[in-house]
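First comes the structure, then the notes that go with it.
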Number of protein chains: 2
Amino acid sequence: MPTSTVENYLKAILVRSADAGAVVSTGSIAEALGVTPGTITTMVKSLAAQGLVEHQPREGVRLTPAGRAHALGVLRKHRLIETFLVQVLKMDWKEVHEEAEALEHAISDRVLLRIDAILGHPVSDPHGDPIPSPKRPLFDRGKGVTLATCEPQRPFRVQRILDQSGPFLEFIQRTGLKPGARVRVRERDRASGVVRCELGDAEAALGLPEAAKIEVGAA
Amino acid sequence: MPTSTVENYLKAILVRSADAGAVVSTGSIAEALGVTPGTITTMVKSLAAQGLVEHQPREGVRLTPAGRAHALGVLRKHRLIETFLVQVLKMDWKEVHEEAEALEHAISDRVLLRIDAILGHPVSDPHGDPIPSPKRPLFDRGKGVTLATCEPQRPFRVQRILDQSGPFLEFIQRTGLKPGARVRVRERDRASGVVRCELGDAEAALGLPEAAKIEVGAA
DNA sequence: ATTTTGTCTTTGACGAGTCAAAGACGGTAT
DNA sequence: ATACCGTCTTTGACTCGTCAAAGACAAAAT
Ligand SMILES: [Mn+2]
Ligand SMILES: [Mn+2]
Ligand SMILES: [Mn+2]
Ligand SMILES: [Mn+2]
């Protein structure tokens with residue numbers, strides 16, 4: 001019966017530990033949760049006492065298997081909820097993260113099962129982030145091909161939006177560069193730093209750093 | 001930004017004040033929320049300081065207009081959520097109250113609007129309880145006709161289940177005496193205290209006190 | 001008029017979660 | 001070797017929601 005605060009901490013640690021067993025700095029958790037560093041230290045000690053993390057003072061934090069399992073459960077809820085809000089409730093693409101941030105702590109496993117079934121057991125959320133499950137324990141870490149690095153002229157499919165800030169999602173929505181969209185890089189001009197690409201019959205231009213925020217895969 | 005605790009208090013006071021402006025004893029709130037009397041007194045003082053209730057010490061508590069408005073909003077959320085869980089997620093009829101108790105504090109007004117629209121703006125929840133709205137401010141207080149008092153032989157429609165305890169809802173589900181069901185009292189034997197009624201082609205028997213827990217209306 | 005009883009309030013304490021400010025640490029620069 | 005700096009930890013304090021236990025009150029019983 002972890003509190004919702006504890007769940008948020010665990011999830012923050014999980015998504016920040018690239019690989020299972022990686023160590024995360026308390027500072028980065030503080031920044032992610034918008035809380036002072038001292039608060040993290042205190043909380044981390046409490047999490048360690050509950051067996052959810054290991055803490056090497058002045059070194060970092062690592063999820064225990066129990067902590068990781070719980071964090072994965074929360075992340076799964078979060079992403080299934082986002083998918084549900086978009087697919088079933090037809091909510092706006094860029095609003096759902098905030099909603100899911102609260103709902104992930106309020107929805108029971110029973111409700112989650114129903115949602116998962118209604119959605120047909122999806123494997124990724126509206127942003128293209130993978131939905132972990134007991135049988136699919138995360139980390140299909142794509143090879144990291146993005147609009148900044150993929151082969152020009154060849155058709156790809158948008159897979160995942162790496163920058164999920166409001167303005168960037170606005171842009172994605174406006175241009176239609178959402179996960180699932182077919183896209184082709186027309187021209188990548190290293191001098192001007194502009195990537196020009198084609199979506200169906202439309203065109204979109206974006207800077208190189210921005211192009212690197214859009215992961216693509218085989219069409 | 002009332003906390004979810006405050007919302008639960010306001011809702012408890014609302015559903016316990018038969019008429020708008022009625023006074024509720026702190027003791028009954030304590031019992032409803034499963035909390036000690038001292039806690040209520042403390043909390044009520046805080047609610048009063050926030051202008052949500054008026055408190056006559058040793059007399060009772062009354063919602064202010066602001067408190068009532070907020071309580072109505074929470075009650076609306078609760079009942080719309082219950083309806084959604086049954087109608088859209090096909091959840092079990094007797095599980096939804098508990099789920100809604102948590103979700104009512106986590107769902108935003110945006111999500112609520114979508115749910116309301118998808119359900120077609122329902123006016124009552126699965127238990128037959130009215131769903132308040134800005135234009136429909138509660139209190140369609142039925143005339144209180146129940147299976148214990150309605151005219152025998154004449155067909156009625158189940159309107160509302162007054163006892164929402166687990167076992168009673170089990171019974172309702174088993175017999176099909178849910179809101180919306182057509183029902184007819186065949187025989188009401190005051191000596192044995194048994195009410196025998198007919199639902200479609202099936203029959204159901206129940207005691208008089210139990211019959212009084214099932215409100216009915218014109219078929 | 002007392003005493004009893006039931007209900008309400010007060011008081012002191014606690015856990016959870018947080019912050020501000022002060023302190024400890026360790027790596028980098030001088 | 002020493003000083004400096006950025007990061008992490010400690011400490012003391014605060015809010016919110018809660019309880020247990022003791023106290024106040026008023027209505028009912030004697
Ligand atoms: Mn959250
Ligand atoms: Mn997402
Ligand atoms: Mn609730
Ligand atoms: Mn209900």
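Going by the structure tokens order, chains are called A, B, ..., each with residues numbered from 1, while ligands are numbered from 1 in the order shown.
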Exercise for the section: Could you please extract the residues within 7 Å of ligand 4, counting only C-alpha atoms (C1' of nucleotides) and all ligand atoms, and hand them back as a PyMOL selection string? Expected result: chain B and resi 79+82+97+125-127+129
Problem - Residues of stretch 105-183 of chain A in helix (DSSP H, G or I), written as a ChimeraX atom specification - result: /A:109-119,166-175
Would you save the residues of that selection, restricted to N, CA and C atoms, as a compact mmCIF listing (two decimals), in the first residue's frame?
# COMPACT_ATOMS: atom_id res chain seq x y z
N ASP A 109 -6.55 -2.32 -9.99
CA ASP A 109 -6.11 -3.30 -10.99
C ASP A 109 -7.29 -3.86 -11.77
N ARG A 110 -8.43 -3.96 -11.09
CA ARG A 110 -9.63 -4.45 -11.77
C ARG A 110 -9.99 -3.54 -12.94
N VAL A 111 -10.01 -2.23 -12.66
CA VAL A 111 -10.35 -1.29 -13.72
C VAL A 111 -9.30 -1.35 -14.82
N LEU A 112 -8.06 -1.47 -14.41
CA LEU A 112 -6.99 -1.52 -15.40
C LEU A 112 -7.16 -2.69 -16.36
N LEU A 113 -7.56 -3.82 -15.82
CA LEU A 113 -7.77 -4.99 -16.66
C LEU A 113 -8.82 -4.71 -17.73
N ARG A 114 -9.90 -4.06 -17.31
CA ARG A 114 -10.96 -3.75 -18.27
C ARG A 114 -10.45 -2.81 -19.36
N ILE A 115 -9.72 -1.80 -18.94
CA ILE A 115 -9.19 -0.83 -19.89
C ILE A 115 -8.27 -1.52 -20.89
N ASP A 116 -7.40 -2.35 -20.36
CA ASP A 116 -6.45 -3.05 -21.22
C ASP A 116 -7.20 -3.91 -22.24
N ALA A 117 -8.24 -4.57 -21.78
CA ALA A 117 -8.99 -5.45 -22.68
C ALA A 117 -9.69 -4.62 -23.76
N ILE A 118 -10.34 -3.54 -23.34
CA ILE A 118 -11.07 -2.71 -24.30
C ILE A 118 -10.13 -2.15 -25.36
N LEU A 119 -8.91 -1.85 -24.97
CA LEU A 119 -7.95 -1.28 -25.92
C LEU A 119 -7.29 -2.37 -26.76
N GLY A 166 4.92 20.58 -23.67
CA GLY A 166 3.72 21.12 -24.30
C GLY A 166 3.95 21.66 -25.70
N PRO A 167 4.86 22.61 -25.83
CA PRO A 167 5.05 23.22 -27.16
C PRO A 167 5.44 22.22 -28.23
N PHE A 168 6.30 21.26 -27.88
CA PHE A 168 6.71 20.30 -28.90
C PHE A 168 5.54 19.42 -29.31
N LEU A 169 4.74 19.00 -28.34
CA LEU A 169 3.57 18.18 -28.68
C LEU A 169 2.59 18.96 -29.55
N GLU A 170 2.46 20.25 -29.26
CA GLU A 170 1.64 21.13 -30.11
C GLU A 170 2.11 21.04 -31.56
N PHE A 171 3.41 21.19 -31.70
CA PHE A 171 4.00 21.15 -33.04
C PHE A 171 3.73 19.81 -33.73
N ILE A 172 3.94 18.74 -32.97
CA ILE A 172 3.69 17.40 -33.51
C ILE A 172 2.25 17.26 -33.99
N GLN A 173 1.36 17.74 -33.15
CA GLN A 173 -0.04 17.62 -33.50
C GLN A 173 -0.38 18.45 -34.74
N ARG A 174 0.18 19.64 -34.78
CA ARG A 174 -0.10 20.54 -35.90
C ARG A 174 0.37 19.92 -37.20
N THR A 175 1.57 19.35 -37.18
CA THR A 175 2.11 18.80 -38.42
C THR A 175 1.64 17.38 -38.69
Give me the residues within 9 Å of stretch 19-22 of chain D as a PDB file with all heavy atoms, in the first residue's frame, counting only C-alpha atoms (C1' of nucleotides) and dropping any in the same chain fewer than 4 places off.
ATOM      1  N   VAL B  35     -14.119   7.609  11.406  1.00  0.00           N
ATOM      2  CA  VAL B  35     -13.080   8.416  11.992  1.00  0.00           C
ATOM      3  C   VAL B  35     -13.564   8.827  13.388  1.00  0.00           C
ATOM      4  O   VAL B  35     -14.761   8.809  13.657  1.00  0.00           O
ATOM      5  CB  VAL B  35     -12.859   9.604  11.008  1.00  0.00           C
ATOM      6  CG1 VAL B  35     -13.200  10.912  11.631  1.00  0.00           C
ATOM      7  CG2 VAL B  35     -11.505   9.545  10.375  1.00  0.00           C
ATOM      8  N   THR B  36     -12.643   9.136  14.294  1.00  0.00           N
ATOM      9  CA  THR B  36     -13.087   9.431  15.660  1.00  0.00           C
ATOM     10  C   THR B  36     -13.769  10.799  15.734  1.00  0.00           C
ATOM     11  O   THR B  36     -13.486  11.681  14.927  1.00  0.00           O
ATOM     12  CB  THR B  36     -11.912   9.400  16.641  1.00  0.00           C
ATOM     13  OG1 THR B  36     -10.974  10.407  16.277  1.00  0.00           O
ATOM     14  CG2 THR B  36     -11.233   8.052  16.638  1.00  0.00           C
ATOM     15  N   GLY B  38     -13.368  13.303  17.667  1.00  0.00           N
ATOM     16  CA  GLY B  38     -12.457  14.428  17.810  1.00  0.00           C
ATOM     17  C   GLY B  38     -11.911  14.908  16.472  1.00  0.00           C
ATOM     18  O   GLY B  38     -11.750  16.113  16.245  1.00  0.00           O
ATOM     19  N   THR B  39     -11.670  13.963  15.601  1.00  0.00           N
ATOM     20  CA  THR B  39     -11.168  14.313  14.268  1.00  0.00           C
ATOM     21  C   THR B  39     -12.170  15.195  13.533  1.00  0.00           C
ATOM     22  O   THR B  39     -11.799  16.174  12.885  1.00  0.00           O
ATOM     23  CB  THR B  39     -10.904  13.037  13.457  1.00  0.00           C
ATOM     24  OG1 THR B  39      -9.958  12.248  14.173  1.00  0.00           O
ATOM     25  CG2 THR B  39     -10.351  13.357  12.091  1.00  0.00           C
TER      26      THR B  39
ATOM     27  P    DT C  10     -13.408  23.188  21.238  1.00  0.00           P
ATOM     28  OP1  DT C  10     -13.654  24.595  21.577  1.00  0.00           O
ATOM     29  OP2  DT C  10     -13.123  22.788  19.846  1.00  0.00           O
ATOM     30  O5'  DT C  10     -12.212  22.659  22.162  1.00  0.00           O
ATOM     31  C5'  DT C  10     -12.455  22.445  23.536  1.00  0.00           C
ATOM     32  C4'  DT C  10     -11.246  21.814  24.211  1.00  0.00           C
ATOM     33  O4'  DT C  10     -11.287  20.375  24.045  1.00  0.00           O
ATOM     34  C3'  DT C  10      -9.878  22.263  23.695  1.00  0.00           C
ATOM     35  O3'  DT C  10      -9.135  22.694  24.822  1.00  0.00           O
ATOM     36  C2'  DT C  10      -9.284  21.016  23.034  1.00  0.00           C
ATOM     37  C1'  DT C  10     -10.006  19.888  23.744  1.00  0.00           C
ATOM     38  N1   DT C  10     -10.260  18.663  22.928  1.00  0.00           N
ATOM     39  C2   DT C  10      -9.899  17.430  23.418  1.00  0.00           C
ATOM     40  O2   DT C  10      -9.332  17.258  24.478  1.00  0.00           O
ATOM     41  N3   DT C  10     -10.226  16.375  22.597  1.00  0.00           N
ATOM     42  C4   DT C  10     -10.866  16.438  21.378  1.00  0.00           C
ATOM     43  O4   DT C  10     -11.119  15.426  20.736  1.00  0.00           O
ATOM     44  C5   DT C  10     -11.211  17.764  20.928  1.00  0.00           C
ATOM     45  C7   DT C  10     -11.906  17.953  19.610  1.00  0.00           C
ATOM     46  C6   DT C  10     -10.900  18.803  21.713  1.00  0.00           C
ATOM     47  P    DT C  11      -7.704  23.402  24.640  1.00  0.00           P
ATOM     48  OP1  DT C  11      -7.565  24.336  25.769  1.00  0.00           O
ATOM     49  OP2  DT C  11      -7.588  23.874  23.239  1.00  0.00           O
ATOM     50  O5'  DT C  11      -6.652  22.205  24.840  1.00  0.00           O
ATOM     51  C5'  DT C  11      -6.814  21.334  25.943  1.00  0.00           C
ATOM     52  C4'  DT C  11      -5.874  20.146  25.811  1.00  0.00           C
ATOM     53  O4'  DT C  11      -6.458  19.130  24.974  1.00  0.00           O
ATOM     54  C3'  DT C  11      -4.510  20.476  25.187  1.00  0.00           C
ATOM     55  O3'  DT C  11      -3.514  20.098  26.128  1.00  0.00           O
ATOM     56  C2'  DT C  11      -4.460  19.658  23.907  1.00  0.00           C
ATOM     57  C1'  DT C  11      -5.432  18.533  24.225  1.00  0.00           C
ATOM     58  N1   DT C  11      -6.094  17.903  23.046  1.00  0.00           N
ATOM     59  C2   DT C  11      -6.175  16.538  22.977  1.00  0.00           C
ATOM     60  O2   DT C  11      -5.708  15.795  23.820  1.00  0.00           O
ATOM     61  N3   DT C  11      -6.822  16.054  21.873  1.00  0.00           N
ATOM     62  C4   DT C  11      -7.378  16.793  20.853  1.00  0.00           C
ATOM     63  O4   DT C  11      -7.935  16.239  19.916  1.00  0.00           O
ATOM     64  C5   DT C  11      -7.258  18.221  20.987  1.00  0.00           C
ATOM     65  C7   DT C  11      -7.827  19.105  19.929  1.00  0.00           C
ATOM     66  C6   DT C  11      -6.632  18.705  22.060  1.00  0.00           C
ATOM     67  P    DA C  13       2.717  15.855  24.566  1.00  0.00           P
ATOM     68  OP1  DA C  13       3.475  15.278  25.696  1.00  0.00           O
ATOM     69  OP2  DA C  13       3.091  17.152  23.978  1.00  0.00           O
ATOM     70  O5'  DA C  13       2.689  14.768  23.379  1.00  0.00           O
ATOM     71  C5'  DA C  13       2.110  13.503  23.639  1.00  0.00           C
ATOM     72  C4'  DA C  13       1.824  12.800  22.327  1.00  0.00           C
ATOM     73  O4'  DA C  13       0.771  13.502  21.630  1.00  0.00           O
ATOM     74  C3'  DA C  13       3.011  12.790  21.356  1.00  0.00           C
ATOM     75  O3'  DA C  13       3.525  11.477  21.285  1.00  0.00           O
ATOM     76  C2'  DA C  13       2.413  13.238  20.022  1.00  0.00           C
ATOM     77  C1'  DA C  13       0.911  13.223  20.263  1.00  0.00           C
ATOM     78  N9   DA C  13       0.204  14.248  19.503  1.00  0.00           N
ATOM     79  C8   DA C  13       0.285  15.607  19.655  1.00  0.00           C
ATOM     80  N7   DA C  13      -0.481  16.287  18.828  1.00  0.00           N
ATOM     81  C5   DA C  13      -1.104  15.300  18.074  1.00  0.00           C
ATOM     82  C6   DA C  13      -2.027  15.356  17.023  1.00  0.00           C
ATOM     83  N6   DA C  13      -2.510  16.496  16.529  1.00  0.00           N
ATOM     84  N1   DA C  13      -2.441  14.192  16.486  1.00  0.00           N
ATOM     85  C2   DA C  13      -1.959  13.048  16.994  1.00  0.00           C
ATOM     86  N3   DA C  13      -1.090  12.862  17.978  1.00  0.00           N
ATOM     87  C4   DA C  13      -0.692  14.042  18.488  1.00  0.00           C
ATOM     88  P    DC C  14       4.853  11.168  20.487  1.00  0.00           P
ATOM     89  OP1  DC C  14       5.436   9.995  21.151  1.00  0.00           O
ATOM     90  OP2  DC C  14       5.601  12.436  20.346  1.00  0.00           O
ATOM     91  O5'  DC C  14       4.380  10.720  19.036  1.00  0.00           O
ATOM     92  C5'  DC C  14       3.479   9.635  18.924  1.00  0.00           C
ATOM     93  C4'  DC C  14       2.932   9.606  17.523  1.00  0.00           C
ATOM     94  O4'  DC C  14       2.097  10.770  17.325  1.00  0.00           O
ATOM     95  C3'  DC C  14       4.012   9.704  16.449  1.00  0.00           C
ATOM     96  O3'  DC C  14       4.209   8.429  15.870  1.00  0.00           O
ATOM     97  C2'  DC C  14       3.458  10.689  15.432  1.00  0.00           C
ATOM     98  C1'  DC C  14       2.085  11.042  15.946  1.00  0.00           C
ATOM     99  N1   DC C  14       1.738  12.477  15.747  1.00  0.00           N
ATOM    100  C2   DC C  14       0.775  12.806  14.788  1.00  0.00           C
ATOM    101  O2   DC C  14       0.245  11.891  14.142  1.00  0.00           O
ATOM    102  N3   DC C  14       0.457  14.097  14.590  1.00  0.00           N
ATOM    103  C4   DC C  14       1.050  15.059  15.309  1.00  0.00           C
ATOM    104  N4   DC C  14       0.696  16.312  15.087  1.00  0.00           N
ATOM    105  C5   DC C  14       2.035  14.741  16.302  1.00  0.00           C
ATOM    106  C6   DC C  14       2.347  13.447  16.475  1.00  0.00           C
TER     107       DC C  14
END
Practice task
List all protein, DNA and RNA residues that have an atom no more than 8 Å from any atom of ligand 3, counting only C-alpha atoms (C1' of nucleotides) and all ligand atoms, and report them as a VMD selection string.
Solution key: chain B and resid 4 to 5 7 to 8 78 100 to 105
Those residues you just picked out, can you put them in a file as a PDB file, in the first residue's frame with C-alpha atoms?
ATOM      1  CA  SER B   4      -9.566  14.792  -1.326  1.00  0.00           C
ATOM      2  CA  THR B   5     -10.091  14.514   2.418  1.00  0.00           C
ATOM      3  CA  GLU B   7     -14.046  16.573  -0.544  1.00  0.00           C
ATOM      4  CA  ASN B   8     -15.016  13.415   1.311  1.00  0.00           C
ATOM      5  CA  HIS B  78     -18.960  10.047  -8.102  1.00  0.00           C
ATOM      6  CA  ALA B 100     -15.649   5.822  -7.627  1.00  0.00           C
ATOM      7  CA  GLU B 101     -14.770   6.750  -4.070  1.00  0.00           C
ATOM      8  CA  ALA B 102     -11.156   7.153  -5.177  1.00  0.00           C
ATOM      9  CA  LEU B 103     -11.664   8.301  -8.766  1.00  0.00           C
ATOM     10  CA  GLU B 104     -13.965  11.160  -7.816  1.00  0.00           C
ATOM     11  CA  HIS B 105     -10.905  12.998  -6.502  1.00  0.00           C
TER      12      HIS B 105
END
Problem - Counting only C-alpha atoms (C1' of nucleotides), chain D residues within 10 Å of chain B, as a list in words - result: DC16, DG17, DT18, DC19, DA20, DC25 and DA26 of chain D
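Nearest to chain C of all the residues B:Arg16, B:His70, B:Arg190, B:Lys45 is B:Lys45, based on only C-alpha atoms (C1' of nucleotides).
Reported to one decimal place, the separation of atom C1' of C:DG26 from atom C1' of D:DC4 is 11.6 Å.
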Practice task
Pull out every residue of chain C sitting within 9 Å of chain A, counting only C-alpha atoms (C1' of nucleotides), and send them as a VMD selection string.
Solution key: chain C and resid 17 to 19 25
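Among the candidate residues B:Leu89, B:Val15, B:Ile81, B:Leu177, the one lying nearest to chain A is B:Leu89, with distances computed using only C-alpha atoms.
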Handout entry: DSSP-assigned strand (DSSP E) among stretch 108-166 of chain B, expressed as JSON, numbers by chain
Key = {"B": [155, 156, 157, 158, 159, 160, 161]}
Generate a file of the selected residues that holds N, CA and C atoms, formatted as a PDB file, in the first residue's frame.
ATOM      1  N   PRO B 155     -48.189  -2.973 -12.283  1.00  0.00           N
ATOM      2  CA  PRO B 155     -46.770  -3.006 -12.689  1.00  0.00           C
ATOM      3  C   PRO B 155     -46.060  -1.694 -12.351  1.00  0.00           C
ATOM      4  N   PHE B 156     -44.839  -1.835 -11.847  1.00  0.00           N
ATOM      5  CA  PHE B 156     -43.986  -0.667 -11.567  1.00  0.00           C
ATOM      6  C   PHE B 156     -42.623  -0.888 -12.191  1.00  0.00           C
ATOM      7  N   ARG B 157     -41.786   0.116 -12.037  1.00  0.00           N
ATOM      8  CA  ARG B 157     -40.412  -0.005 -12.488  1.00  0.00           C
ATOM      9  C   ARG B 157     -39.495   0.300 -11.306  1.00  0.00           C
ATOM     10  N   VAL B 158     -38.493  -0.546 -11.074  1.00  0.00           N
ATOM     11  CA  VAL B 158     -37.549  -0.278  -9.990  1.00  0.00           C
ATOM     12  C   VAL B 158     -36.834   1.032 -10.287  1.00  0.00           C
ATOM     13  N   GLN B 159     -36.766   1.880  -9.250  1.00  0.00           N
ATOM     14  CA  GLN B 159     -36.221   3.204  -9.482  1.00  0.00           C
ATOM     15  C   GLN B 159     -34.882   3.394  -8.774  1.00  0.00           C
ATOM     16  N   ARG B 160     -34.817   2.858  -7.580  1.00  0.00           N
ATOM     17  CA  ARG B 160     -33.646   3.205  -6.769  1.00  0.00           C
ATOM     18  C   ARG B 160     -33.470   2.198  -5.657  1.00  0.00           C
ATOM     19  N   ILE B 161     -32.190   1.831  -5.432  1.00  0.00           N
ATOM     20  CA  ILE B 161     -31.875   0.892  -4.362  1.00  0.00           C
ATOM     21  C   ILE B 161     -31.380   1.701  -3.167  1.00  0.00           C
TER      22      ILE B 161
END
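Considering the residues A:Leu14, A:Leu33, A:Leu63, A:Leu206 and counting only C-alpha atoms and all ligand atoms, ligand 1 has its shortest atom-to-atom contact with A:Leu33.
For the choices B:Gly180, B:Ala106, B:Ser165, B:Pro137, the atom-to-atom distance to ligand 1 is smallest for B:Ala106 when using only C-alpha atoms and all ligand atoms.
Of the listed residues (B:Glu95, B:Asp201, B:Glu54, B:Asp163), B:Glu95 comes nearest to chain A; the distances count only C-alpha atoms.
Atom pair atom CA of B:Ile29 / atom CA of B:Ser108 has a distance of 26.2 Å (rounded to one decimal).
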Practice task
Show which residues sit within 12 Å of D:DA27, as a PyMOL selection string. Count only C-alpha atoms (C1' of nucleotides), and ignore same-chain residues fewer than 5 positions away.
Solution key: chain C and resi 4-7
